[in-house]
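As stored in upload-v4.cif (mmCIF, C-alpha atoms):
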```
data_final
loop_
_atom_site.group_PDB
_atom_site.id
_atom_site.type_symbol
_atom_site.label_atom_id
_atom_site.label_comp_id
_atom_site.auth_asym_id
_atom_site.auth_seq_id
_atom_site.Cartn_x
_atom_site.Cartn_y
_atom_site.Cartn_z
ATOM 1 C CA LYS A 1 -16.849 19.141 -10.272
ATOM 2 C CA GLN A 2 -18.167 16.635 -7.773
ATOM 3 C CA GLU A 3 -17.988 17.817 -4.178
ATOM 4 C CA VAL A 4 -19.308 16.195 -1.019
ATOM 5 C CA THR A 5 -19.936 18.168 2.144
ATOM 6 C CA GLN A 6 -20.804 16.968 5.629
ATOM 7 C CA ILE A 7 -22.401 18.998 8.365
ATOM 8 C CA PRO A 8 -21.736 19.289 11.249
ATOM 9 C CA ALA A 9 -17.994 18.673 11.444
ATOM 10 C CA ALA A 10 -18.369 17.531 15.039
ATOM 11 C CA LEU A 11 -21.280 16.562 17.233
ATOM 12 C CA SER A 12 -21.523 15.718 20.921
ATOM 13 C CA VAL A 13 -24.699 14.184 22.337
ATOM 14 C CA PRO A 14 -25.747 12.420 25.530
ATOM 15 C CA GLU A 15 -26.294 8.688 25.413
ATOM 16 C CA GLY A 16 -29.741 7.627 24.253
ATOM 17 C CA GLU A 17 -30.370 10.587 22.001
ATOM 18 C CA ASN A 18 -31.476 10.169 18.391
ATOM 19 C CA LEU A 19 -29.340 12.090 15.924
ATOM 20 C CA VAL A 20 -29.008 12.955 12.248
ATOM 21 C CA LEU A 21 -25.831 13.425 10.255
ATOM 22 C CA ASN A 22 -26.026 15.316 6.982
ATOM 23 C CA CYS A 23 -24.260 14.834 3.676
ATOM 24 C CA SER A 24 -24.720 16.921 0.540
ATOM 25 C CA PHE A 25 -23.314 16.438 -2.952
ATOM 26 C CA THR A 26 -23.136 18.862 -5.843
ATOM 27 C CA ASP A 27 -23.670 16.483 -8.765
ATOM 28 C CA SER A 28 -26.954 14.570 -8.560
ATOM 29 C CA ALA A 29 -25.873 12.026 -11.208
ATOM 30 C CA ILE A 30 -24.573 9.622 -8.593
ATOM 31 C CA TYR A 31 -24.598 5.844 -8.916
ATOM 32 C CA ASN A 32 -24.800 5.328 -5.171
ATOM 33 C CA LEU A 33 -23.871 6.752 -1.812
ATOM 34 C CA GLN A 34 -22.136 4.897 0.977
ATOM 35 C CA TRP A 35 -21.836 5.733 4.671
ATOM 36 C CA PHE A 36 -18.730 4.647 6.545
ATOM 37 C CA ARG A 37 -17.522 4.691 10.102
ATOM 38 C CA GLN A 38 -13.881 5.333 10.950
ATOM 39 C CA ASP A 39 -12.475 4.764 14.424
ATOM 40 C CA PRO A 40 -9.268 6.592 15.422
ATOM 41 C CA GLY A 41 -6.253 5.058 13.720
ATOM 42 C CA LYS A 42 -8.389 2.489 11.957
ATOM 43 C CA GLY A 43 -9.738 1.874 8.481
ATOM 44 C CA LEU A 44 -13.236 2.377 7.193
ATOM 45 C CA THR A 45 -16.185 0.187 8.100
ATOM 46 C CA SER A 46 -19.016 0.202 5.609
ATOM 47 C CA LEU A 47 -22.351 0.950 7.290
ATOM 48 C CA LEU A 48 -24.931 1.396 4.549
ATOM 49 C CA LEU A 49 -24.964 1.601 0.764
ATOM 50 C CA ILE A 50 -27.859 3.303 -1.021
ATOM 51 C CA GLN A 51 -28.230 2.804 -4.753
ATOM 52 C CA SER A 52 -29.361 5.796 -6.812
ATOM 53 C CA SER A 53 -32.742 4.110 -7.383
ATOM 54 C CA GLN A 54 -33.359 3.708 -3.656
ATOM 55 C CA ARG A 55 -34.552 6.235 -1.130
ATOM 56 C CA GLU A 56 -33.367 4.632 2.085
ATOM 57 C CA GLN A 57 -31.570 1.722 3.685
ATOM 58 C CA THR A 58 -31.790 0.446 7.247
ATOM 59 C CA SER A 59 -29.478 -1.623 9.384
ATOM 60 C CA GLY A 60 -30.259 -2.020 13.060
ATOM 61 C CA ARG A 61 -30.317 1.421 14.662
ATOM 62 C CA LEU A 62 -29.059 3.084 11.493
ATOM 63 C CA ASN A 63 -31.168 4.498 8.708
ATOM 64 C CA ALA A 64 -29.750 6.269 5.685
ATOM 65 C CA SER A 65 -31.820 8.256 3.225
ATOM 66 C CA LEU A 66 -31.027 9.571 -0.228
ATOM 67 C CA ASP A 67 -32.641 12.449 -2.094
ATOM 68 C CA LYS A 68 -30.907 12.805 -5.435
ATOM 69 C CA SER A 69 -32.931 15.792 -6.590
ATOM 70 C CA SER A 70 -31.817 17.895 -3.648
ATOM 71 C CA GLY A 71 -28.349 16.370 -3.490
ATOM 72 C CA ARG A 72 -28.692 15.200 0.093
ATOM 73 C CA SER A 73 -28.290 12.127 2.219
ATOM 74 C CA THR A 74 -28.857 11.720 5.933
ATOM 75 C CA LEU A 75 -27.717 9.100 8.409
ATOM 76 C CA TYR A 76 -30.088 8.666 11.319
ATOM 77 C CA ILE A 77 -28.795 6.958 14.453
ATOM 78 C CA ALA A 78 -31.423 5.899 16.957
ATOM 79 C CA ALA A 79 -30.812 5.582 20.686
ATOM 80 C CA SER A 80 -27.140 6.514 20.441
ATOM 81 C CA GLN A 81 -24.576 4.654 22.554
ATOM 82 C CA PRO A 82 -21.010 5.531 23.632
ATOM 83 C CA GLY A 83 -19.809 2.809 21.258
ATOM 84 C CA ASP A 84 -21.182 4.851 18.365
ATOM 85 C CA SER A 85 -18.472 7.458 18.961
ATOM 86 C CA ALA A 86 -16.429 7.640 15.770
ATOM 87 C CA THR A 87 -16.064 9.692 12.625
ATOM 88 C CA TYR A 88 -18.798 9.112 10.071
ATOM 89 C CA LEU A 89 -17.989 9.621 6.415
ATOM 90 C CA CYS A 90 -20.260 9.705 3.424
ATOM 91 C CA ALA A 91 -18.960 8.961 -0.039
ATOM 92 C CA ALA A 92 -20.710 9.528 -3.349
ATOM 93 C CA LYS A 93 -19.860 7.299 -6.247
ATOM 94 C CA TYR A 94 -20.016 8.499 -9.824
ATOM 95 C CA ASN A 95 -18.464 6.788 -12.791
ATOM 96 C CA PHE A 96 -15.715 4.197 -12.838
ATOM 97 C CA ASN A 97 -16.251 3.136 -9.227
ATOM 98 C CA LYS A 98 -14.589 6.290 -7.907
ATOM 99 C CA PHE A 99 -15.659 7.671 -4.534
ATOM 100 C CA TYR A 100 -15.797 11.310 -3.578
ATOM 101 C CA PHE A 101 -15.624 11.552 0.192
ATOM 102 C CA GLY A 102 -16.987 14.156 2.545
ATOM 103 C CA SER A 103 -14.740 15.462 5.305
ATOM 104 C CA GLY A 104 -16.657 13.561 7.960
ATOM 105 C CA THR A 105 -18.628 14.230 11.135
ATOM 106 C CA LYS A 106 -16.861 13.394 14.377
ATOM 107 C CA LEU A 107 -19.462 12.035 16.780
ATOM 108 C CA ASN A 108 -19.000 11.828 20.527
ATOM 109 C CA VAL A 109 -21.713 10.079 22.539
ATOM 110 C CA LYS A 110 -21.356 10.861 26.237
ATOM 111 C CA PRO A 111 -22.274 8.203 28.796
ATOM 112 C CA GLY B 1 -9.588 -13.940 2.759
ATOM 113 C CA GLU B 2 -12.636 -12.097 4.005
ATOM 114 C CA GLU B 3 -10.827 -8.885 4.815
ATOM 115 C CA VAL B 4 -8.664 -6.539 2.836
ATOM 116 C CA ALA B 5 -5.143 -6.861 4.176
ATOM 117 C CA GLN B 6 -2.563 -4.099 3.985
ATOM 118 C CA THR B 7 1.108 -4.188 4.868
ATOM 119 C CA PRO B 8 3.031 -2.705 6.458
ATOM 120 C CA LYS B 9 0.941 -0.994 9.100
ATOM 121 C CA HIS B 10 3.465 1.813 9.491
ATOM 122 C CA LEU B 11 6.252 2.930 7.174
ATOM 123 C CA VAL B 12 8.836 5.619 7.861
ATOM 124 C CA ARG B 13 10.996 6.974 5.066
ATOM 125 C CA GLY B 14 13.488 9.758 4.711
ATOM 126 C CA GLU B 15 12.695 12.323 2.062
ATOM 127 C CA GLY B 16 13.834 11.034 -1.305
ATOM 128 C CA GLN B 17 13.626 7.365 -0.366
ATOM 129 C CA LYS B 18 11.330 4.837 -2.000
ATOM 130 C CA ALA B 19 8.203 3.512 -0.315
ATOM 131 C CA LYS B 20 6.256 0.405 -1.283
ATOM 132 C CA LEU B 21 2.868 -0.519 0.121
ATOM 133 C CA TYR B 22 0.984 -3.766 -0.344
ATOM 134 C CA CYS B 23 -2.664 -4.754 -0.476
ATOM 135 C CA ALA B 24 -4.346 -8.136 -0.643
ATOM 136 C CA PRO B 25 -7.982 -7.721 -1.706
ATOM 137 C CA ILE B 26 -10.800 -9.942 -0.553
ATOM 138 C CA LYS B 27 -10.727 -13.235 -2.414
ATOM 139 C CA GLY B 28 -13.030 -13.127 -5.402
ATOM 140 C CA HIS B 29 -13.055 -9.341 -5.679
ATOM 141 C CA SER B 30 -12.106 -8.073 -9.104
ATOM 142 C CA TYR B 31 -11.703 -4.380 -8.311
ATOM 143 C CA VAL B 32 -9.006 -2.766 -6.196
ATOM 144 C CA PHE B 33 -8.792 0.895 -5.229
ATOM 145 C CA TRP B 34 -6.137 3.021 -3.610
ATOM 146 C CA TYR B 35 -6.969 6.158 -1.602
ATOM 147 C CA GLN B 36 -4.797 8.666 0.198
ATOM 148 C CA GLN B 37 -6.052 10.215 3.432
ATOM 149 C CA VAL B 38 -4.343 13.425 4.477
ATOM 150 C CA LEU B 39 -5.218 16.190 6.928
ATOM 151 C CA LYS B 40 -7.923 14.661 9.029
ATOM 152 C CA ASN B 41 -10.472 13.058 6.756
ATOM 153 C CA GLU B 42 -9.576 14.353 3.335
ATOM 154 C CA PHE B 43 -9.685 11.264 1.139
ATOM 155 C CA LYS B 44 -8.214 11.392 -2.320
ATOM 156 C CA PHE B 45 -8.770 8.697 -4.914
ATOM 157 C CA LEU B 46 -5.529 7.572 -6.535
ATOM 158 C CA ILE B 47 -6.090 4.606 -8.819
ATOM 159 C CA SER B 48 -8.302 1.587 -9.396
ATOM 160 C CA PHE B 49 -7.773 -1.795 -11.017
ATOM 161 C CA GLN B 50 -9.993 -4.366 -12.618
ATOM 162 C CA ASN B 51 -8.015 -7.526 -12.000
ATOM 163 C CA GLU B 52 -4.503 -6.712 -13.259
ATOM 164 C CA ASN B 53 -5.623 -3.891 -15.544
ATOM 165 C CA VAL B 54 -5.643 -0.218 -14.612
ATOM 166 C CA PHE B 55 -9.271 0.909 -14.547
ATOM 167 C CA ASP B 56 -8.990 4.545 -13.561
ATOM 168 C CA GLU B 57 -5.745 6.345 -12.785
ATOM 169 C CA THR B 58 -6.959 9.930 -12.865
ATOM 170 C CA GLY B 59 -5.882 10.558 -9.282
ATOM 171 C CA MET B 60 -2.303 9.361 -9.578
ATOM 172 C CA PRO B 61 0.620 11.790 -9.443
ATOM 173 C CA LYS B 62 2.296 9.900 -12.247
ATOM 174 C CA GLU B 63 5.771 11.333 -11.946
ATOM 175 C CA ARG B 64 6.495 9.519 -8.686
ATOM 176 C CA PHE B 65 3.621 7.146 -8.018
ATOM 177 C CA SER B 66 3.064 3.775 -9.630
ATOM 178 C CA ALA B 67 0.840 0.815 -8.858
ATOM 179 C CA LYS B 68 0.431 -2.774 -9.963
ATOM 180 C CA CYS B 69 -1.947 -5.668 -9.437
ATOM 181 C CA LEU B 70 -0.338 -8.833 -10.784
ATOM 182 C CA PRO B 71 -1.953 -12.277 -10.799
ATOM 183 C CA ASN B 72 -1.325 -14.327 -7.656
ATOM 184 C CA SER B 73 0.458 -11.440 -5.920
ATOM 185 C CA PRO B 74 -0.610 -8.652 -3.581
ATOM 186 C CA CYS B 75 -1.313 -5.346 -5.271
ATOM 187 C CA SER B 76 1.314 -2.686 -4.662
ATOM 188 C CA LEU B 77 1.590 1.078 -4.573
ATOM 189 C CA GLU B 78 5.085 2.467 -4.954
ATOM 190 C CA ILE B 79 6.294 5.994 -4.385
ATOM 191 C CA GLN B 80 9.677 6.885 -5.791
ATOM 192 C CA ALA B 81 11.628 9.713 -4.153
ATOM 193 C CA THR B 82 9.113 10.412 -1.402
ATOM 194 C CA LYS B 83 8.332 13.986 -0.395
ATOM 195 C CA LEU B 84 7.127 15.366 2.916
ATOM 196 C CA GLU B 85 3.639 15.923 1.499
ATOM 197 C CA ASP B 86 3.341 12.197 0.761
ATOM 198 C CA SER B 87 2.907 11.607 4.503
ATOM 199 C CA ALA B 88 -0.585 10.194 4.798
ATOM 200 C CA VAL B 89 -2.542 7.032 5.453
ATOM 201 C CA TYR B 90 -2.945 4.994 2.285
ATOM 202 C CA PHE B 91 -6.061 2.871 2.127
ATOM 203 C CA CYS B 92 -6.766 -0.002 -0.179
ATOM 204 C CA ALA B 93 -10.298 -1.161 -0.906
ATOM 205 C CA SER B 94 -11.803 -3.928 -2.987
ATOM 206 C CA SER B 95 -15.182 -4.646 -4.474
ATOM 207 C CA GLN B 96 -16.691 -7.598 -6.231
ATOM 208 C CA PHE B 97 -18.639 -5.795 -8.900
ATOM 209 C CA GLN B 98 -18.413 -2.660 -10.975
ATOM 210 C CA THR B 99 -20.725 0.248 -10.291
ATOM 211 C CA GLY B 100 -24.145 -0.197 -11.862
ATOM 212 C CA ILE B 101 -23.297 -3.304 -13.827
ATOM 213 C CA ASP B 102 -23.921 -6.642 -12.262
ATOM 214 C CA GLY B 103 -24.227 -6.469 -8.521
ATOM 215 C CA PRO B 104 -23.588 -4.482 -5.354
ATOM 216 C CA ASP B 105 -20.372 -2.533 -5.610
ATOM 217 C CA THR B 106 -19.791 -2.032 -1.901
ATOM 218 C CA GLN B 107 -16.160 -1.223 -1.301
ATOM 219 C CA TYR B 108 -14.462 -2.907 1.631
ATOM 220 C CA PHE B 109 -11.521 -1.042 3.058
ATOM 221 C CA GLY B 110 -8.307 -2.311 4.571
ATOM 222 C CA PRO B 111 -6.853 -0.889 7.806
ATOM 223 C CA GLY B 112 -4.464 1.387 5.929
ATOM 224 C CA THR B 113 -0.723 1.961 5.871
ATOM 225 C CA ARG B 114 0.533 5.069 7.640
ATOM 226 C CA LEU B 115 3.440 6.549 5.701
ATOM 227 C CA THR B 116 5.589 9.108 7.469
ATOM 228 C CA VAL B 117 8.183 10.949 5.407
ATOM 229 C CA LEU B 118 10.820 12.698 7.495
#
```

This structure in structure tokens:
Amino acid sequence: KQEVTQIPAALSVPEGENLVLNCSFTDSAIYNLQWFRQDPGKGLTSLLLIQSSQREQTSGRLNASLDKSSGRSTLYIAASQPGDSATYLCAAKYNFNKFYFGSGTKLNVKP
Amino acid sequence: GEEVAQTPKHLVRGEGQKAKLYCAPIKGHSYVFWYQQVLKNEFKFLISFQNENVFDETGMPKERFSAKCLPNSPCSLEIQATKLEDSAVYFCASSQFQTGIDGPDTQYFGPGTRLTVL
């Protein structure tokens, strides 16, 4: 059974700090892994998509890594800002386009 | 359009009533997905479509839930005889390509429809 876990469930950091969010998945036969951001009461915003053949993807201050053999992905946020406060979700995709979501990490960046 | 559109934004139904949710995928996207988000961030996959054909319906509670994607119409998710546990935010997503076949399969999500069953 495919399961996705995110640690920590919540994180509070001062502005400017670099931080890492963790995502682990039980079945390493993934097609890809996608990181999303969800603001309160809003939908999901896609941040980064890593294909199974890739090891990392970067966009601005965000860097996502993927290690299939260990079943882990990390999202690194550099120089965090209050506007980064949101819930971050990782989702692993297996067959038939179906996502398995983690339960999310709620990030609070304090000014 | 360039965004996935979902209507209505909020829907309130009495237990046992019918609920119908709509989704307009991004123009040119062939794949549509429905997810149910309950209890904080617990996302559950319901069903996916490739154009008007059901692609994967393994997540659908078939006795009360149904979905359609007809040509030239928004996709719909219908719940007959709603129950209290159906209260959730229902998200629609679309993608242009299929996983691992012919291009990036990034899913773009709509803003969701919040269903409250009283």

Need to verify the contact set: B:Gln37, 7 Å, all atoms listed in the file, exclusion of same-chain residues closer than 2 positions in sequence. Can you return it as an MDAnalysis selection string? chainID B and resid 35 39 41:44 88:90

Considering only C-alpha atoms, return as a count of residues only whatever protein or nucleic-acid residues lie within 10 Å of B:Cys92, sequence-local ones (same chain, fewer than 5 positions apart) excluded. 27

Let me make sure I understand: among B:Ser73, B:Ser66, B:His10, B:Lys20, which one has the smallest atom-to-atom distance to chain A if we use only C-alpha atoms?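 That would be B:His10, the residue with the smallest distance to chain A.
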
List every protein, DNA or RNA residue that has at least one atom no more than 12 Å from (-17.3, 14.7, 12.0) in the file's coordinates, counting only C-alpha atoms, and write the result as a PyMOL selection string. (chain A and resi 5-12+20-23+36-40+85-90+102-108) or (chain B and resi 40-42)

Box in all listed atoms of stretch 30-43 of chain B, axis-aligned, with 4 Å more on each side; write out centre and edge lengths in Å to one decimal as AutoDock Vina command-line options.
```
--center_x -8.2 --center_y 4.1 --center_z 0.0 --size_x 15.8 --size_y 32.3 --size_z 26.1
```

At what distance in Å, to one decimal, does atom CA of B:Asn53 lie from atom CA of B:Pro71?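 A separation of 10.3 Å between them.
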
Tell me as a PyMOL selection string which residues belonging to chain A come within 8 Å of chain B, counting only C-alpha atoms. chain A and resi 31+34+42-46+49+95-104

Restricting the output to C-alpha atoms, write the selected residues as a PDB file, keeping the file's coordinate frame.
```
ATOM      1  CA  TYR A  31     -24.598   5.844  -8.916  1.00  0.00           C
ATOM      2  CA  GLN A  34     -22.136   4.897   0.977  1.00  0.00           C
ATOM      3  CA  LYS A  42      -8.389   2.489  11.957  1.00  0.00           C
ATOM      4  CA  GLY A  43      -9.738   1.874   8.481  1.00  0.00           C
ATOM      5  CA  LEU A  44     -13.236   2.377   7.193  1.00  0.00           C
ATOM      6  CA  THR A  45     -16.185   0.187   8.100  1.00  0.00           C
ATOM      7  CA  SER A  46     -19.016   0.202   5.609  1.00  0.00           C
ATOM      8  CA  LEU A  49     -24.964   1.601   0.764  1.00  0.00           C
ATOM      9  CA  ASN A  95     -18.464   6.788 -12.791  1.00  0.00           C
ATOM     10  CA  PHE A  96     -15.715   4.197 -12.838  1.00  0.00           C
ATOM     11  CA  ASN A  97     -16.251   3.136  -9.227  1.00  0.00           C
ATOM     12  CA  LYS A  98     -14.589   6.290  -7.907  1.00  0.00           C
ATOM     13  CA  PHE A  99     -15.659   7.671  -4.534  1.00  0.00           C
ATOM     14  CA  TYR A 100     -15.797  11.310  -3.578  1.00  0.00           C
ATOM     15  CA  PHE A 101     -15.624  11.552   0.192  1.00  0.00           C
ATOM     16  CA  GLY A 102     -16.987  14.156   2.545  1.00  0.00           C
ATOM     17  CA  SER A 103     -14.740  15.462   5.305  1.00  0.00           C
ATOM     18  CA  GLY A 104     -16.657  13.561   7.960  1.00  0.00           C
TER      19      GLY A 104
END
```

Pairwise distance for atom CA of B:Glu15 and atom CA of B:Lys62, rounded to one decimal in Å: 17.9 Å

To one decimal place in Å, what is the distance between atom CA of B:Asp86 and atom CA of B:Glu63?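 Between atom CA of B:Asp86 and atom CA of B:Glu63 the gap works out to 13.0 Å.
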
Pick from B:Ala67, B:Ile79, B:Val12, B:Val54 nearest to B:Ser30, counting only C-alpha atoms: B:Val54
